[in-house]
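Just below is one structure, and these are the notes that go with it.
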Number of protein chains: 2
Amino acid sequence: MTNRRPPARPPAPTTINDVAREARVSVASVSRVVNGHANVLPETRQRILEVIDRLRYVPHTAARSLITRRSQMIGVLLPDLHGEFFSELIRGIDGAAREHGLHVLLSSLHGDAAEMAAAVRAMHGRVEGLLVLAPQLDTTALRELPPAVPAVFMNSRVAGRTSSLAIDSYGGARTMVRHLIACGHRTIAHITGPISNFDAHERERGYRDELAASQPAARPRIVRGDFTETSGYEAGRALAAAAARPDAVFAGNDAMAIGCLAALDALGVAVPDDVAVAGFDGIPLGGFVRPTLTTMRVPIVELGGGAVHQLAGLIAQPDTKPAAVTLQPELVVRDSCGANRPQRPRAPSSSRPSRRQRSR
Amino acid sequence: MTNRRPPARPPAPTTINDVAREARVSVASVSRVVNGHANVLPETRQRILEVIDRLRYVPHTAARSLITRRSQMIGVLLPDLHGEFFSELIRGIDGAAREHGLHVLLSSLHGDAAEMAAAVRAMHGRVEGLLVLAPQLDTTALRELPPAVPAVFMNSRVAGRTSSLAIDSYGGARTMVRHLIACGHRTIAHITGPISNFDAHERERGYRDELAASQPAARPRIVRGDFTETSGYEAGRALAAAAARPDAVFAGNDAMAIGCLAALDALGVAVPDDVAVAGFDGIPLGGFVRPTLTTMRVPIVELGGGAVHQLAGLIAQPDTKPAAVTLQPELVVRDSCGANRPQRPRAPSSSRPSRRQRSR
DNA sequence: TTCGCGAATGTAAACGTTTCCATCACCGGA
DNA sequence: TCCGGTGATGGAAACGTTTACATTCGCGAA
């Protein structure tokens with residue numbers, strides 16, 4: 001309290017020097033206390049802590065990372081995601097980042113490769129690692145990434161050079177098609193996502209392969225969509241109006257499946273009795289449309305969290321050789337696929353009734 | 001190419017000194033070029049730029065912000081948001097941040113006040129400003145914020161001490177209730193959001209006030225929800241089973257409205273003929289449920305973007321006095337409110353038909 | 001020719017840490 | 001009594017920038 005400075009306009013932030021002077025120790029000791037090193041007398045530590053508290057000292061991040069060469073930040077590059085996907089992914093990322101004491105620098109991209117390059121350049125040097133969700137099939141833009149900084153890709157088509165974590169869209173699609181076939185549907189159409197999207201591509205591939213494997217006679221029936229409800233609506237209209245209406249429609253995601261449901265309803269086509277519908281993603285709303293939507297639930301939180309864990313490992317051990325992990329989606333059977341309707345006497349399987357209470 | 005260093009293990013990142021040496025100028029000139037200052041000979045500038053390019057020099061962010069005292073980062077504190085809200089908000093924030101050359105440090109909170117304090121502490125010193133979405137009514141946690149760093153609050157109940165930007169939930173709710181009354185509905189129930197949520201509170205208040213103003217005879221009818229589809233479902237069940245079924249249900253958000261629709265459908269109550277339903281938020285899926293959902297569309301992107309603009313202004317001019325801006329939601333009339341059904345011959349207004357094509 | 005001036009460039013201090021190394025005090029054993 | 005060792009503390013260099021100030025140079029005017 002002796003050395004009262006004149007009140008400078010900006011109340012100059014207190015530095016480690018202020019603390020050291022006030023506690024009558026050297027900056028080295030203060031630094032040791034702040035960083036929790038052992039070799040400092042309990043009594044000295046106490047005195048320093050008290051001054052830190054009184055002066056509200058907060059270490060200057062930039063100065064610290066200038067010398068330690070660590071920023072405790074990871075960069076997250078995401079495309080323009082809609083709906084539940086974004087929030088769930090961030091939830092997973094943020095939670096895991098917190099566990100590792102990392103901060104998340106977020107940049108959302110609007111598709112352009114040049115923009116991605118710019119974002120990467122801006123983050124370069126600012127972050128210790130990069131988390132990238134690059135769903136476009138064309139991955140040449142990814143070459144832009146500085147090879148020095150560790151990176152983990154999510155749901156991307158990457159060579160084996162870098163670590164990656166992905167949803168098994170291919171396997172999920174096969175599971176769903178297998179399920180639809182097991183429900184008794186013979187002709188199954190597929191509404192795809194955007195043509196350049198990796199997941200859309202994988203789901204379509206799964207659809208084709210499973211169809212060819214389980215139902216060699218059937219010809220694939222593809223309608224192009226773009227993952228939006230509106231495109232699902234249009235696809236539904238087209239399918240319902242077609243000469244040969246399919247038994248079932250497997251949409252590339254839930255949003256399109258719900259759009260499709262709306263179109264079928266508008267055209268007076270009953271679901272699942274006339275046409276069955278299934279989606280992919282497992283958004284919560286799928287349980288509340290009529291009929292409730294059968295879908296593959298995708299573990300988005302785990303995708304984000306797992307990617308962060310991988311990245312943290314990579315940052316700690318940069319020479320770890322890249323791993324490619326895949327996460328399995330889970331089949332969620334609801335009403336829209338027809339599995340829950342009063343069984344036509346085909347196979348007297350365990351007729352499990354819908355869990356949802358219905359009164360009519 | 002003369003001075004080829006032995007291949008050190010980590011290929012030491014090139015610094016401004018390397019560039020200066022290679023270009024045979026002083027670091028000052030390099031710095032001037034990098035920062036786009038004017039006083040440097042075009043020929044010199046050219047030579048420096050070329051070296052920068054060849055050596056892939058990227059200025060060290062920490063060193064730079066150590067001396068400039070600017071980090072070009074803003075912190076964004078969000079609660080555990082679900083669905084469309086999160087992605088839209090981030091889209092708005094990210095876009096505006098990019099315009100201002102700011103980076104976004106994201107932290108999502110799970111409700112706990114202590115956690116918020118921790119997040120703020122972690123960001124303190126790292127960011128130039130804070131963007132906070134603190135929907136809980138109890139704002140004592142906000143006192144934790146260091147008063148030195150500029151902050152803008154979104155949809156929060158804050159005193160006039162800080163800048164804020166909010167959706168006019170109160171006015172929106174009044175608009176919706178007025179609309180429902182104009183549709184001929186007399187008894188209108190309201191499903192609220194979480195009891196401690198600011199928006200939920202404002203919407204309920206708007207509901208009560210408009211009801212009292214336009215329909216003095218009617219008693220408010222409140223069912224508690226929590227913004228989830230499930231709570232809307234439960235509320236819908238309760239309302240449908242009640243002795244006196246209301247004419248209309250105004251849900252505090254779209255998710256609950258959709259849950260409510262599902263419940264009414266399950267109980268065989270026709271919407272909008274038996275009961276009208278309306279939501280709030282304007283999520284895309286609302287246009288694809290059956291019947292399509294009447295709602296108040298909330299300009300979420302503008303909320304995020306506007307908040308960033310405010311914050312950027314505050315960072316540039318810290319002494320600007322705080323402003324409190326509100327954004328108006330917009331009434332979206334679809335089928336669930338009954339406005340589009342074949343008019344009972346009550347008022348021969350301009351009977352505008354549904355835009356959506358229907359065939360039955 | 002000299003002087004002064006402005007533009008281009010260089011020098012070096014400062015930013016706030018961390019950490020290597022030196023110093024110092026103390027203590028137990030020879 | 002002296003010596004080596006140990007553990008707490010301090011001094012100072014280093015991190016990579018920006019920028020105030022000094023220096024140099026060329027050129028036009030006096």
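Please note that chains go A, B, ... in the order of the structure tokens, that every chain numbers its residues from 1, and that ligands are numbered from 1 in the order shown.
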Chain C near chain A within 8 Å: what's each residue's closest atom pair and its distance in Å to one decimal, counting only C-alpha atoms (C1' of nucleotides), ordered by chain then ascending residue number, as CSV?
```
residue,atom,partner,partner_atom,distance
C:DC15,C1',A:Ala63,CA,7.8
C:DG16,C1',A:Ala63,CA,5.0
C:DT17,C1',A:Arg64,CA,4.8
C:DT18,C1',A:Ile67,CA,6.5
```
Q: Can you check which residues of chain D have any atom within 12 Å of chain A? Use only C-alpha atoms (C1' of nucleotides) and format it as a list of chain:residue names.
A: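 That gives the following set of residues: D:DT6, D:DG7, D:DA8, D:DT9, D:DG10, D:DG11, D:DA12, D:DA13, D:DA14, D:DC15, D:DG16, D:DT17.
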Would you export the selected residues with N, CA and C atoms (P, O5', C5', C4', C3', O3' and C1' of nucleotides) as an mmCIF file, in the first residue's frame, please?
```
data_model
loop_
_atom_site.group_PDB
_atom_site.id
_atom_site.type_symbol
_atom_site.label_atom_id
_atom_site.label_comp_id
_atom_site.auth_asym_id
_atom_site.auth_seq_id
_atom_site.Cartn_x
_atom_site.Cartn_y
_atom_site.Cartn_z
ATOM 1 P P DT D 6 22.273 -34.172 -2.903
ATOM 2 O "O5'" DT D 6 20.957 -33.534 -2.259
ATOM 3 C "C5'" DT D 6 20.850 -33.389 -0.824
ATOM 4 C "C4'" DT D 6 19.993 -32.179 -0.539
ATOM 5 C "C3'" DT D 6 19.004 -31.814 -1.654
ATOM 6 O "O3'" DT D 6 17.738 -31.582 -1.079
ATOM 7 C "C1'" DT D 6 20.246 -29.924 -1.004
ATOM 8 P P DG D 7 16.376 -31.653 -1.968
ATOM 9 O "O5'" DG D 7 15.485 -30.521 -1.280
ATOM 10 C "C5'" DG D 7 15.897 -29.914 -0.048
ATOM 11 C "C4'" DG D 7 15.628 -28.424 -0.114
ATOM 12 C "C3'" DG D 7 14.597 -28.025 -1.176
ATOM 13 O "O3'" DG D 7 13.784 -26.996 -0.633
ATOM 14 C "C1'" DG D 7 16.584 -26.846 -1.543
ATOM 15 P P DA D 8 12.476 -26.490 -1.392
ATOM 16 O "O5'" DA D 8 12.705 -24.917 -1.326
ATOM 17 C "C5'" DA D 8 12.857 -24.287 -0.056
ATOM 18 C "C4'" DA D 8 13.446 -22.913 -0.260
ATOM 19 C "C3'" DA D 8 12.599 -21.982 -1.122
ATOM 20 O "O3'" DA D 8 12.453 -20.749 -0.429
ATOM 21 C "C1'" DA D 8 14.818 -22.077 -1.955
ATOM 22 P P DT D 9 11.495 -19.631 -1.029
ATOM 23 O "O5'" DT D 9 12.476 -18.814 -1.958
ATOM 24 C "C5'" DT D 9 13.419 -17.939 -1.370
ATOM 25 C "C4'" DT D 9 14.368 -17.440 -2.432
ATOM 26 C "C3'" DT D 9 13.745 -16.547 -3.495
ATOM 27 O "O3'" DT D 9 14.043 -15.203 -3.164
ATOM 28 C "C1'" DT D 9 15.447 -17.994 -4.344
ATOM 29 P P DG D 10 13.493 -14.021 -4.081
ATOM 30 O "O5'" DG D 10 14.729 -13.759 -5.049
ATOM 31 C "C5'" DG D 10 16.028 -13.585 -4.481
ATOM 32 C "C4'" DG D 10 17.062 -13.376 -5.565
ATOM 33 C "C3'" DG D 10 16.652 -12.397 -6.667
ATOM 34 O "O3'" DG D 10 17.769 -11.592 -6.979
ATOM 35 C "C1'" DG D 10 17.177 -14.480 -7.632
ATOM 36 P P DG D 11 17.604 -10.301 -7.879
ATOM 37 O "O5'" DG D 11 18.608 -10.600 -9.090
ATOM 38 C "C5'" DG D 11 19.682 -11.500 -8.935
ATOM 39 C "C4'" DG D 11 20.409 -11.668 -10.255
ATOM 40 C "C3'" DG D 11 20.128 -10.611 -11.312
ATOM 41 O "O3'" DG D 11 21.301 -10.458 -12.093
ATOM 42 C "C1'" DG D 11 19.305 -12.687 -12.065
ATOM 43 P P DA D 12 21.371 -9.381 -13.260
ATOM 44 O "O5'" DA D 12 21.006 -10.291 -14.523
ATOM 45 C "C5'" DA D 12 21.729 -11.502 -14.742
ATOM 46 C "C4'" DA D 12 21.260 -12.163 -16.021
ATOM 47 C "C3'" DA D 12 20.880 -11.202 -17.157
ATOM 48 O "O3'" DA D 12 21.174 -11.860 -18.358
ATOM 49 C "C1'" DA D 12 19.042 -12.498 -16.653
ATOM 50 P P DA D 13 21.557 -11.053 -19.655
ATOM 51 O "O5'" DA D 13 21.366 -12.170 -20.784
ATOM 52 C "C5'" DA D 13 21.761 -13.516 -20.495
ATOM 53 C "C4'" DA D 13 20.806 -14.489 -21.168
ATOM 54 C "C3'" DA D 13 20.403 -14.102 -22.595
ATOM 55 O "O3'" DA D 13 20.354 -15.275 -23.370
ATOM 56 C "C1'" DA D 13 18.472 -14.330 -21.276
ATOM 57 P P DA D 14 20.515 -15.192 -24.948
ATOM 58 O "O5'" DA D 14 19.091 -15.702 -25.448
ATOM 59 C "C5'" DA D 14 18.574 -16.949 -24.978
ATOM 60 C "C4'" DA D 14 17.083 -16.941 -25.127
ATOM 61 C "C3'" DA D 14 16.570 -16.350 -26.453
ATOM 62 O "O3'" DA D 14 16.014 -17.390 -27.226
ATOM 63 C "C1'" DA D 14 15.295 -15.586 -24.580
ATOM 64 P P DC D 15 15.777 -17.132 -28.785
ATOM 65 O "O5'" DC D 15 14.205 -17.227 -28.966
ATOM 66 C "C5'" DC D 15 13.407 -18.110 -28.196
ATOM 67 C "C4'" DC D 15 12.010 -17.576 -28.131
ATOM 68 C "C3'" DC D 15 11.634 -16.687 -29.311
ATOM 69 O "O3'" DC D 15 11.014 -17.494 -30.304
ATOM 70 C "C1'" DC D 15 10.845 -15.800 -27.222
ATOM 71 P P DG D 16 11.522 -17.313 -31.835
ATOM 72 O "O5'" DG D 16 10.640 -16.080 -32.322
ATOM 73 C "C5'" DG D 16 9.235 -16.217 -32.316
ATOM 74 C "C4'" DG D 16 8.608 -14.884 -32.606
ATOM 75 C "C3'" DG D 16 9.095 -14.220 -33.895
ATOM 76 O "O3'" DG D 16 7.955 -13.709 -34.560
ATOM 77 C "C1'" DG D 16 9.351 -12.743 -32.090
ATOM 78 P P DT D 17 8.014 -13.210 -36.069
ATOM 79 O "O5'" DT D 17 6.986 -11.978 -35.990
ATOM 80 C "C5'" DT D 17 7.477 -10.673 -35.760
ATOM 81 C "C4'" DT D 17 6.620 -10.005 -34.745
ATOM 82 C "C3'" DT D 17 6.397 -8.540 -35.030
ATOM 83 O "O3'" DT D 17 5.072 -8.358 -35.498
ATOM 84 C "C1'" DT D 17 7.284 -8.880 -32.808
#
```
Q: Find, counting only C-alpha atoms, the residue in B:Cys260, B:Leu105, B:Ile74, B:Ala117 that gets nearest to chain A.
A: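 Answer, going by the shortest atom-to-atom distance: B:Leu105.
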Q. Mind checking DSSP for segment 170-338 of chain B and telling me the strand (DSSP E or B) residues as a ChimeraX atom specification?
A. /B:188-192,197,221-224,248-251,276-278,281,294-297,324-327,330-332
Could the residues in this selection be written to a file with N, CA and C atoms, as an mmCIF file, in the first residue's frame?
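Written file, out-v2.cif:
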```cif
data_model
loop_
_atom_site.group_PDB
_atom_site.id
_atom_site.type_symbol
_atom_site.label_atom_id
_atom_site.label_comp_id
_atom_site.auth_asym_id
_atom_site.auth_seq_id
_atom_site.Cartn_x
_atom_site.Cartn_y
_atom_site.Cartn_z
ATOM 1 N N ILE B 188 -57.301 -19.763 -25.284
ATOM 2 C CA ILE B 188 -55.959 -20.033 -25.794
ATOM 3 C C ILE B 188 -55.060 -20.444 -24.644
ATOM 4 N N ALA B 189 -54.470 -21.614 -24.774
ATOM 5 C CA ALA B 189 -53.549 -22.079 -23.742
ATOM 6 C C ALA B 189 -52.116 -21.762 -24.153
ATOM 7 N N HIS B 190 -51.221 -21.781 -23.181
ATOM 8 C CA HIS B 190 -49.813 -21.495 -23.486
ATOM 9 C C HIS B 190 -48.927 -22.550 -22.835
ATOM 10 N N ILE B 191 -48.027 -23.109 -23.640
ATOM 11 C CA ILE B 191 -47.021 -24.019 -23.097
ATOM 12 C C ILE B 191 -45.748 -23.210 -22.916
ATOM 13 N N THR B 192 -45.255 -23.123 -21.716
ATOM 14 C CA THR B 192 -44.093 -22.274 -21.450
ATOM 15 C C THR B 192 -42.799 -23.036 -21.650
ATOM 16 N N ASN B 197 -35.960 -19.504 -17.751
ATOM 17 C CA ASN B 197 -35.432 -18.978 -19.006
ATOM 18 C C ASN B 197 -36.024 -17.617 -19.345
ATOM 19 N N ARG B 221 -54.306 -19.832 -19.481
ATOM 20 C CA ARG B 221 -54.232 -21.266 -19.202
ATOM 21 C C ARG B 221 -52.806 -21.701 -19.498
ATOM 22 N N ILE B 222 -52.069 -21.986 -18.454
ATOM 23 C CA ILE B 222 -50.636 -22.225 -18.581
ATOM 24 C C ILE B 222 -50.285 -23.687 -18.344
ATOM 25 N N VAL B 223 -49.465 -24.254 -19.227
ATOM 26 C CA VAL B 223 -48.876 -25.569 -18.977
ATOM 27 C C VAL B 223 -47.368 -25.385 -19.029
ATOM 28 N N ARG B 224 -46.684 -25.930 -18.057
ATOM 29 C CA ARG B 224 -45.228 -25.769 -18.015
ATOM 30 C C ARG B 224 -44.534 -26.776 -18.909
ATOM 31 N N ALA B 248 -57.176 -23.152 -28.842
ATOM 32 C CA ALA B 248 -55.859 -23.005 -29.456
ATOM 33 C C ALA B 248 -54.767 -23.193 -28.421
ATOM 34 N N VAL B 249 -53.602 -23.633 -28.906
ATOM 35 C CA VAL B 249 -52.444 -23.779 -28.035
ATOM 36 C C VAL B 249 -51.295 -22.975 -28.624
ATOM 37 N N PHE B 250 -50.754 -22.085 -27.833
ATOM 38 C CA PHE B 250 -49.584 -21.309 -28.256
ATOM 39 C C PHE B 250 -48.388 -21.854 -27.494
ATOM 40 N N ALA B 251 -47.532 -22.549 -28.213
ATOM 41 C CA ALA B 251 -46.365 -23.148 -27.568
ATOM 42 C C ALA B 251 -45.218 -22.147 -27.551
ATOM 43 N N ALA B 276 -56.303 -25.366 -32.561
ATOM 44 C CA ALA B 276 -55.247 -24.731 -33.348
ATOM 45 C C ALA B 276 -53.946 -24.774 -32.548
ATOM 46 N N VAL B 277 -52.825 -24.760 -33.270
ATOM 47 C CA VAL B 277 -51.527 -24.803 -32.601
ATOM 48 C C VAL B 277 -50.610 -23.763 -33.244
ATOM 49 N N ALA B 278 -49.813 -23.120 -32.433
ATOM 50 C CA ALA B 278 -48.823 -22.195 -32.974
ATOM 51 C C ALA B 278 -47.531 -22.320 -32.186
ATOM 52 N N ASP B 281 -40.240 -19.437 -33.141
ATOM 53 C CA ASP B 281 -38.838 -19.636 -33.544
ATOM 54 C C ASP B 281 -38.711 -19.632 -35.054
ATOM 55 N N THR B 294 -47.818 -22.771 -37.885
ATOM 56 C CA THR B 294 -47.807 -21.311 -37.776
ATOM 57 C C THR B 294 -46.868 -20.926 -36.637
ATOM 58 N N THR B 295 -46.059 -19.912 -36.878
ATOM 59 C CA THR B 295 -45.016 -19.601 -35.893
ATOM 60 C C THR B 295 -44.561 -18.157 -36.021
ATOM 61 N N MET B 296 -43.731 -17.734 -35.097
ATOM 62 C CA MET B 296 -43.054 -16.445 -35.207
ATOM 63 C C MET B 296 -41.620 -16.732 -35.634
ATOM 64 N N ARG B 297 -41.224 -16.218 -36.766
ATOM 65 C CA ARG B 297 -39.858 -16.475 -37.204
ATOM 66 C C ARG B 297 -38.912 -15.481 -36.543
ATOM 67 N N ALA B 324 -29.238 -0.865 -26.078
ATOM 68 C CA ALA B 324 -30.049 -2.081 -26.009
ATOM 69 C C ALA B 324 -30.961 -2.135 -27.234
ATOM 70 N N VAL B 325 -30.628 -3.023 -28.137
ATOM 71 C CA VAL B 325 -31.362 -3.118 -29.388
ATOM 72 C C VAL B 325 -32.282 -4.332 -29.343
ATOM 73 N N THR B 326 -33.448 -4.231 -29.941
ATOM 74 C CA THR B 326 -34.289 -5.426 -30.028
ATOM 75 C C THR B 326 -34.641 -5.712 -31.478
ATOM 76 N N LEU B 327 -34.765 -6.994 -31.761
ATOM 77 C CA LEU B 327 -35.078 -7.467 -33.110
ATOM 78 C C LEU B 327 -36.491 -8.028 -33.121
ATOM 79 N N GLU B 330 -41.117 -12.323 -36.880
ATOM 80 C CA GLU B 330 -42.096 -12.104 -37.937
ATOM 81 C C GLU B 330 -43.130 -13.227 -37.938
ATOM 82 N N LEU B 331 -44.387 -12.851 -38.033
ATOM 83 C CA LEU B 331 -45.457 -13.846 -38.023
ATOM 84 C C LEU B 331 -45.437 -14.646 -39.328
ATOM 85 N N VAL B 332 -45.399 -15.966 -39.187
ATOM 86 C CA VAL B 332 -45.462 -16.839 -40.359
ATOM 87 C C VAL B 332 -46.743 -17.646 -40.262
#
```
Q.
I need the contact residues of chain B against chain A, so if you could list those with any atom within 7 Å, counting only C-alpha atoms, and return them as an MDAnalysis selection string, that would help.
A. chainID B and resid 60:63 65:66 81:84 86:87 94 104:108 125:126 258:259 262 266:268 288:290 358:360
Q: Just give me the gap between atom CA of Gly305 of chain A and atom CA of Gln328 of chain A in Å, one decimal is fine.
A: 14.7 Å
